[in-house]
Amino acid sequence: MSDKEIKDGRECAVKFYEDAGEVHVHKSEVPKVFTFDSVYDWNSEQENIFAETAYPVCEQVITGYNGTIFAYGQTGTGKTFTITGVPKDPKLKGIMPRAFDNVFELIKMDSKKQYLVRVSYLEIYNEEIRDLLSKS
């Protein structure tokens, strides 16, 4: 919850059940339950999120498949931090710098093949698509 929400005395209406891959929203007596492959709360660590969600994508990318990491959610929920983190901090760096490190380390270990790496970093906001790697 944000500082303002805490200051206003609001209660958290969301509970995460990581083992079950569920998010429960408690806005009424009967909670709404949403099930996903994985769920992470605000106490989750970047390294675990990468290992469980992005590392398998990196393994497949190195074998020639295309890979996509898609972060979705409302403004202020931590998508940018999860994707980029603090790139120079080993504990706080996000999925993208960890994926780059991982893919290029795997490439370095295989001198018998030639690789071509292409990366896109896109933002979709208010139905507008922006290329975040573009100079303009």
# chains A, B, ... in the order shown; residues from 1 in each chain; ligands from 1

$ select_by_dssp --residues "chain A" --states "helix (DSSP H, G or I)" --output "PyMOL selection string"
chain A and resi 3-7+46-61+79-83+95-109

$ select_by_dssp --residues "stretch 32-135 of chain A" --states "strand (DSSP E or B)" --output "list of chain:residue names"
A:Lys32, A:Val33, A:Phe34, A:Thr35, A:Gly85, A:Lys93, A:Leu122, A:Glu123, A:Ile124, A:Tyr125, A:Glu128, A:Ile129, A:Arg130, A:Asp131

$ write_last_selection --atoms "C-alpha atoms" --output "PDB file, in the first residue's frame"
ATOM      1  CA  LYS A  32     -12.921 -12.856  -5.834  1.00  0.00           C
ATOM      2  CA  VAL A  33     -10.221 -15.383  -6.634  1.00  0.00           C
ATOM      3  CA  PHE A  34      -7.857 -15.049  -9.587  1.00  0.00           C
ATOM      4  CA  THR A  35      -5.498 -17.891 -10.530  1.00  0.00           C
ATOM      5  CA  GLY A  85      15.151  -2.809 -10.955  1.00  0.00           C
ATOM      6  CA  LYS A  93      18.456  -5.730 -10.513  1.00  0.00           C
ATOM      7  CA  LEU A 122       7.878  -1.588 -25.434  1.00  0.00           C
ATOM      8  CA  GLU A 123       5.432   0.305 -23.292  1.00  0.00           C
ATOM      9  CA  ILE A 124       1.699   0.282 -23.918  1.00  0.00           C
ATOM     10  CA  TYR A 125       0.034   3.154 -22.091  1.00  0.00           C
ATOM     11  CA  GLU A 128      -0.291   4.078 -27.294  1.00  0.00           C
ATOM     12  CA  ILE A 129       2.801   1.957 -27.990  1.00  0.00           C
ATOM     13  CA  ARG A 130       6.227   3.454 -27.306  1.00  0.00           C
ATOM     14  CA  ASP A 131       9.587   1.869 -28.103  1.00  0.00           C
TER      15      ASP A 131
END

$ closest_residue --among "A:His26, A:Phe100, A:Gly78, A:Val57" --to "A:Glu11" --atoms "only C-alpha atoms"
A:His26

$ residues_around --residues "A:Ala20" --least-positions-apart "4" --cutoff "10 Å" --atoms "only C-alpha atoms" --output "ChimeraX atom specification"
/A:16,35-39

$ closest_residue --among "A:Val61, A:Lys4, A:Asp41, A:Gly94" --to "A:Glu22" --atoms "only C-alpha atoms"
A:Asp41

$ atom_distance --atom1 "atom CA of A:Tyr17" --atom2 "atom CA of A:Pro31"
13.1 Å

$ residues_around --residues "A:Glu45" --least-positions-apart "4" --cutoff "9 Å" --atoms "only C-alpha atoms" --output "PyMOL selection string"
chain A and resi 40+49-50+91-92

$ write_last_selection --atoms "all heavy atoms" --output "PDB file, in the first residue's frame"
ATOM      1  N   TYR A  40       3.210 -12.851  -7.154  1.00  0.00           N
ATOM      2  CA  TYR A  40       4.258 -12.333  -6.279  1.00  0.00           C
ATOM      3  C   TYR A  40       3.724 -11.131  -5.531  1.00  0.00           C
ATOM      4  O   TYR A  40       3.095 -10.259  -6.134  1.00  0.00           O
ATOM      5  CB  TYR A  40       5.486 -11.929  -7.104  1.00  0.00           C
ATOM      6  CG  TYR A  40       6.037 -13.092  -7.889  1.00  0.00           C
ATOM      7  CD1 TYR A  40       5.659 -13.315  -9.200  1.00  0.00           C
ATOM      8  CD2 TYR A  40       6.915 -13.993  -7.291  1.00  0.00           C
ATOM      9  CE1 TYR A  40       6.137 -14.392  -9.915  1.00  0.00           C
ATOM     10  CE2 TYR A  40       7.398 -15.075  -7.991  1.00  0.00           C
ATOM     11  CZ  TYR A  40       7.010 -15.278  -9.306  1.00  0.00           C
ATOM     12  OH  TYR A  40       7.480 -16.353  -9.998  1.00  0.00           O
ATOM     13  N   ILE A  49      11.921 -13.960  -8.594  1.00  0.00           N
ATOM     14  CA  ILE A  49      10.999 -13.687  -9.706  1.00  0.00           C
ATOM     15  C   ILE A  49      11.669 -14.051 -11.026  1.00  0.00           C
ATOM     16  O   ILE A  49      11.075 -14.713 -11.878  1.00  0.00           O
ATOM     17  CB  ILE A  49      10.539 -12.215  -9.700  1.00  0.00           C
ATOM     18  CG1 ILE A  49       9.694 -11.945  -8.455  1.00  0.00           C
ATOM     19  CG2 ILE A  49       9.774 -11.876 -10.973  1.00  0.00           C
ATOM     20  CD1 ILE A  49       9.371 -10.484  -8.232  1.00  0.00           C
ATOM     21  N   PHE A  50      12.931 -13.651 -11.179  1.00  0.00           N
ATOM     22  CA  PHE A  50      13.662 -13.987 -12.403  1.00  0.00           C
ATOM     23  C   PHE A  50      13.787 -15.504 -12.561  1.00  0.00           C
ATOM     24  O   PHE A  50      13.490 -16.059 -13.627  1.00  0.00           O
ATOM     25  CB  PHE A  50      15.062 -13.358 -12.412  1.00  0.00           C
ATOM     26  CG  PHE A  50      15.885 -13.814 -13.582  1.00  0.00           C
ATOM     27  CD1 PHE A  50      15.663 -13.290 -14.837  1.00  0.00           C
ATOM     28  CD2 PHE A  50      16.843 -14.804 -13.435  1.00  0.00           C
ATOM     29  CE1 PHE A  50      16.393 -13.734 -15.934  1.00  0.00           C
ATOM     30  CE2 PHE A  50      17.570 -15.255 -14.521  1.00  0.00           C
ATOM     31  CZ  PHE A  50      17.351 -14.716 -15.767  1.00  0.00           C
ATOM     32  N   LYS A  91      21.335  -7.574  -5.908  1.00  0.00           N
ATOM     33  CA  LYS A  91      20.115  -8.022  -5.232  1.00  0.00           C
ATOM     34  C   LYS A  91      18.859  -7.391  -5.843  1.00  0.00           C
ATOM     35  O   LYS A  91      17.812  -8.021  -5.896  1.00  0.00           O
ATOM     36  CB  LYS A  91      20.209  -7.678  -3.750  1.00  0.00           C
ATOM     37  CG  LYS A  91      19.057  -8.220  -2.923  1.00  0.00           C
ATOM     38  CD  LYS A  91      19.328  -8.026  -1.442  1.00  0.00           C
ATOM     39  CE  LYS A  91      18.153  -8.371  -0.593  1.00  0.00           C
ATOM     40  NZ  LYS A  91      17.812  -9.753  -0.478  1.00  0.00           N
ATOM     41  N   LEU A  92      18.968  -6.153  -6.335  1.00  0.00           N
ATOM     42  CA  LEU A  92      17.796  -5.411  -6.791  1.00  0.00           C
ATOM     43  C   LEU A  92      17.641  -5.333  -8.309  1.00  0.00           C
ATOM     44  O   LEU A  92      16.647  -4.794  -8.790  1.00  0.00           O
ATOM     45  CB  LEU A  92      17.812  -3.995  -6.209  1.00  0.00           C
ATOM     46  CG  LEU A  92      17.717  -3.901  -4.685  1.00  0.00           C
ATOM     47  CD1 LEU A  92      17.794  -2.451  -4.241  1.00  0.00           C
ATOM     48  CD2 LEU A  92      16.456  -4.559  -4.171  1.00  0.00           C
TER      49      LEU A  92
END

$ closest_residue --among "A:Val119, A:Val86, A:Ala13, A:Met109" --to "A:Thr68" --atoms "only C-alpha atoms"
A:Val119

$ atom_distance --atom1 "atom CA of A:Asn102" --atom2 "atom CA of A:Cys58"
7.2 Å

$ atom_distance --atom1 "atom CA of A:Thr84" --atom2 "atom CA of A:Lys135"
18.1 Å

$ residues_around --residues "stretch 69-76 of chain A" --least-positions-apart "3" --cutoff "9 Å" --atoms "only C-alpha atoms" --output "ChimeraX atom specification"
/A:2,53-54,57,79-80,82-83,95-96

$ write_last_selection --atoms "all heavy atoms" --output "PDB file, in the first residue's frame"
ATOM      1  N   SER A   2       0.378   2.294  -0.591  1.00  0.00           N
ATOM      2  CA  SER A   2       1.133   3.539  -0.635  1.00  0.00           C
ATOM      3  C   SER A   2       1.104   4.215   0.730  1.00  0.00           C
ATOM      4  O   SER A   2       0.268   3.897   1.593  1.00  0.00           O
ATOM      5  CB  SER A   2       0.541   4.474  -1.695  1.00  0.00           C
ATOM      6  OG  SER A   2      -0.723   4.959  -1.256  1.00  0.00           O
ATOM      7  N   THR A  53      10.278 -17.091 -13.399  1.00  0.00           N
ATOM      8  CA  THR A  53       9.497 -16.662 -14.567  1.00  0.00           C
ATOM      9  C   THR A  53      10.326 -16.404 -15.816  1.00  0.00           C
ATOM     10  O   THR A  53       9.911 -16.775 -16.912  1.00  0.00           O
ATOM     11  CB  THR A  53       8.698 -15.382 -14.248  1.00  0.00           C
ATOM     12  OG1 THR A  53       9.605 -14.333 -13.929  1.00  0.00           O
ATOM     13  CG2 THR A  53       7.745 -15.598 -13.099  1.00  0.00           C
ATOM     14  N   ALA A  54      11.463 -15.766 -15.688  1.00  0.00           N
ATOM     15  CA  ALA A  54      12.216 -15.345 -16.865  1.00  0.00           C
ATOM     16  C   ALA A  54      13.334 -16.312 -17.255  1.00  0.00           C
ATOM     17  O   ALA A  54      13.630 -16.446 -18.440  1.00  0.00           O
ATOM     18  CB  ALA A  54      12.789 -13.947 -16.647  1.00  0.00           C
ATOM     19  N   VAL A  57      12.410 -18.717 -19.899  1.00  0.00           N
ATOM     20  CA  VAL A  57      12.307 -18.051 -21.205  1.00  0.00           C
ATOM     21  C   VAL A  57      13.701 -17.905 -21.815  1.00  0.00           C
ATOM     22  O   VAL A  57      13.907 -18.179 -22.998  1.00  0.00           O
ATOM     23  CB  VAL A  57      11.607 -16.676 -21.081  1.00  0.00           C
ATOM     24  CG1 VAL A  57      11.611 -15.941 -22.418  1.00  0.00           C
ATOM     25  CG2 VAL A  57      10.189 -16.845 -20.563  1.00  0.00           C
ATOM     26  N   LYS A  79       5.732  -2.574 -11.899  1.00  0.00           N
ATOM     27  CA  LYS A  79       6.123  -3.217 -13.155  1.00  0.00           C
ATOM     28  C   LYS A  79       7.522  -2.788 -13.587  1.00  0.00           C
ATOM     29  O   LYS A  79       8.357  -3.634 -13.906  1.00  0.00           O
ATOM     30  CB  LYS A  79       5.117  -2.893 -14.269  1.00  0.00           C
ATOM     31  CG  LYS A  79       3.719  -3.405 -14.011  1.00  0.00           C
ATOM     32  CD  LYS A  79       2.759  -2.961 -15.089  1.00  0.00           C
ATOM     33  CE  LYS A  79       2.661  -1.462 -15.240  1.00  0.00           C
ATOM     34  NZ  LYS A  79       2.141  -0.718 -14.092  1.00  0.00           N
ATOM     35  N   THR A  80       7.778  -1.500 -13.600  1.00  0.00           N
ATOM     36  CA  THR A  80       9.083  -0.992 -14.040  1.00  0.00           C
ATOM     37  C   THR A  80      10.187  -1.493 -13.126  1.00  0.00           C
ATOM     38  O   THR A  80      11.247  -1.916 -13.585  1.00  0.00           O
ATOM     39  CB  THR A  80       9.076   0.545 -14.101  1.00  0.00           C
ATOM     40  OG1 THR A  80       8.055   0.954 -15.014  1.00  0.00           O
ATOM     41  CG2 THR A  80      10.417   1.083 -14.559  1.00  0.00           C
ATOM     42  N   THR A  82      10.178  -4.235 -11.352  1.00  0.00           N
ATOM     43  CA  THR A  82      10.352  -5.661 -11.575  1.00  0.00           C
ATOM     44  C   THR A  82      11.136  -5.912 -12.863  1.00  0.00           C
ATOM     45  O   THR A  82      12.004  -6.773 -12.909  1.00  0.00           O
ATOM     46  CB  THR A  82       8.990  -6.383 -11.638  1.00  0.00           C
ATOM     47  OG1 THR A  82       8.312  -6.166 -10.399  1.00  0.00           O
ATOM     48  CG2 THR A  82       9.156  -7.868 -11.873  1.00  0.00           C
ATOM     49  N   ILE A  83      10.851  -5.140 -13.896  1.00  0.00           N
ATOM     50  CA  ILE A  83      11.535  -5.346 -15.180  1.00  0.00           C
ATOM     51  C   ILE A  83      12.962  -4.802 -15.159  1.00  0.00           C
ATOM     52  O   ILE A  83      13.889  -5.478 -15.592  1.00  0.00           O
ATOM     53  CB  ILE A  83      10.727  -4.713 -16.336  1.00  0.00           C
ATOM     54  CG1 ILE A  83       9.394  -5.449 -16.505  1.00  0.00           C
ATOM     55  CG2 ILE A  83      11.520  -4.723 -17.638  1.00  0.00           C
ATOM     56  CD1 ILE A  83       9.506  -6.902 -16.917  1.00  0.00           C
ATOM     57  N   ILE A  95      14.400  -8.113 -14.046  1.00  0.00           N
ATOM     58  CA  ILE A  95      14.363  -9.190 -15.021  1.00  0.00           C
ATOM     59  C   ILE A  95      15.219  -8.872 -16.245  1.00  0.00           C
ATOM     60  O   ILE A  95      15.980  -9.723 -16.717  1.00  0.00           O
ATOM     61  CB  ILE A  95      12.903  -9.480 -15.448  1.00  0.00           C
ATOM     62  CG1 ILE A  95      12.172 -10.181 -14.297  1.00  0.00           C
ATOM     63  CG2 ILE A  95      12.847 -10.309 -16.719  1.00  0.00           C
ATOM     64  CD1 ILE A  95      10.693 -10.379 -14.548  1.00  0.00           C
ATOM     65  N   MET A  96      15.116  -7.666 -16.785  1.00  0.00           N
ATOM     66  CA  MET A  96      15.811  -7.349 -18.030  1.00  0.00           C
ATOM     67  C   MET A  96      17.339  -7.443 -17.877  1.00  0.00           C
ATOM     68  O   MET A  96      17.978  -8.150 -18.673  1.00  0.00           O
ATOM     69  CB  MET A  96      15.383  -5.979 -18.552  1.00  0.00           C
ATOM     70  CG  MET A  96      15.803  -5.728 -19.975  1.00  0.00           C
ATOM     71  SD  MET A  96      14.948  -4.351 -20.763  1.00  0.00           S
ATOM     72  CE  MET A  96      15.222  -3.018 -19.647  1.00  0.00           C
TER      73      MET A  96
END

$ closest_residue --among "A:Cys12, A:Ala51, A:Val103, A:Leu132" --to "A:Leu116" --atoms "only C-alpha atoms"
A:Val103
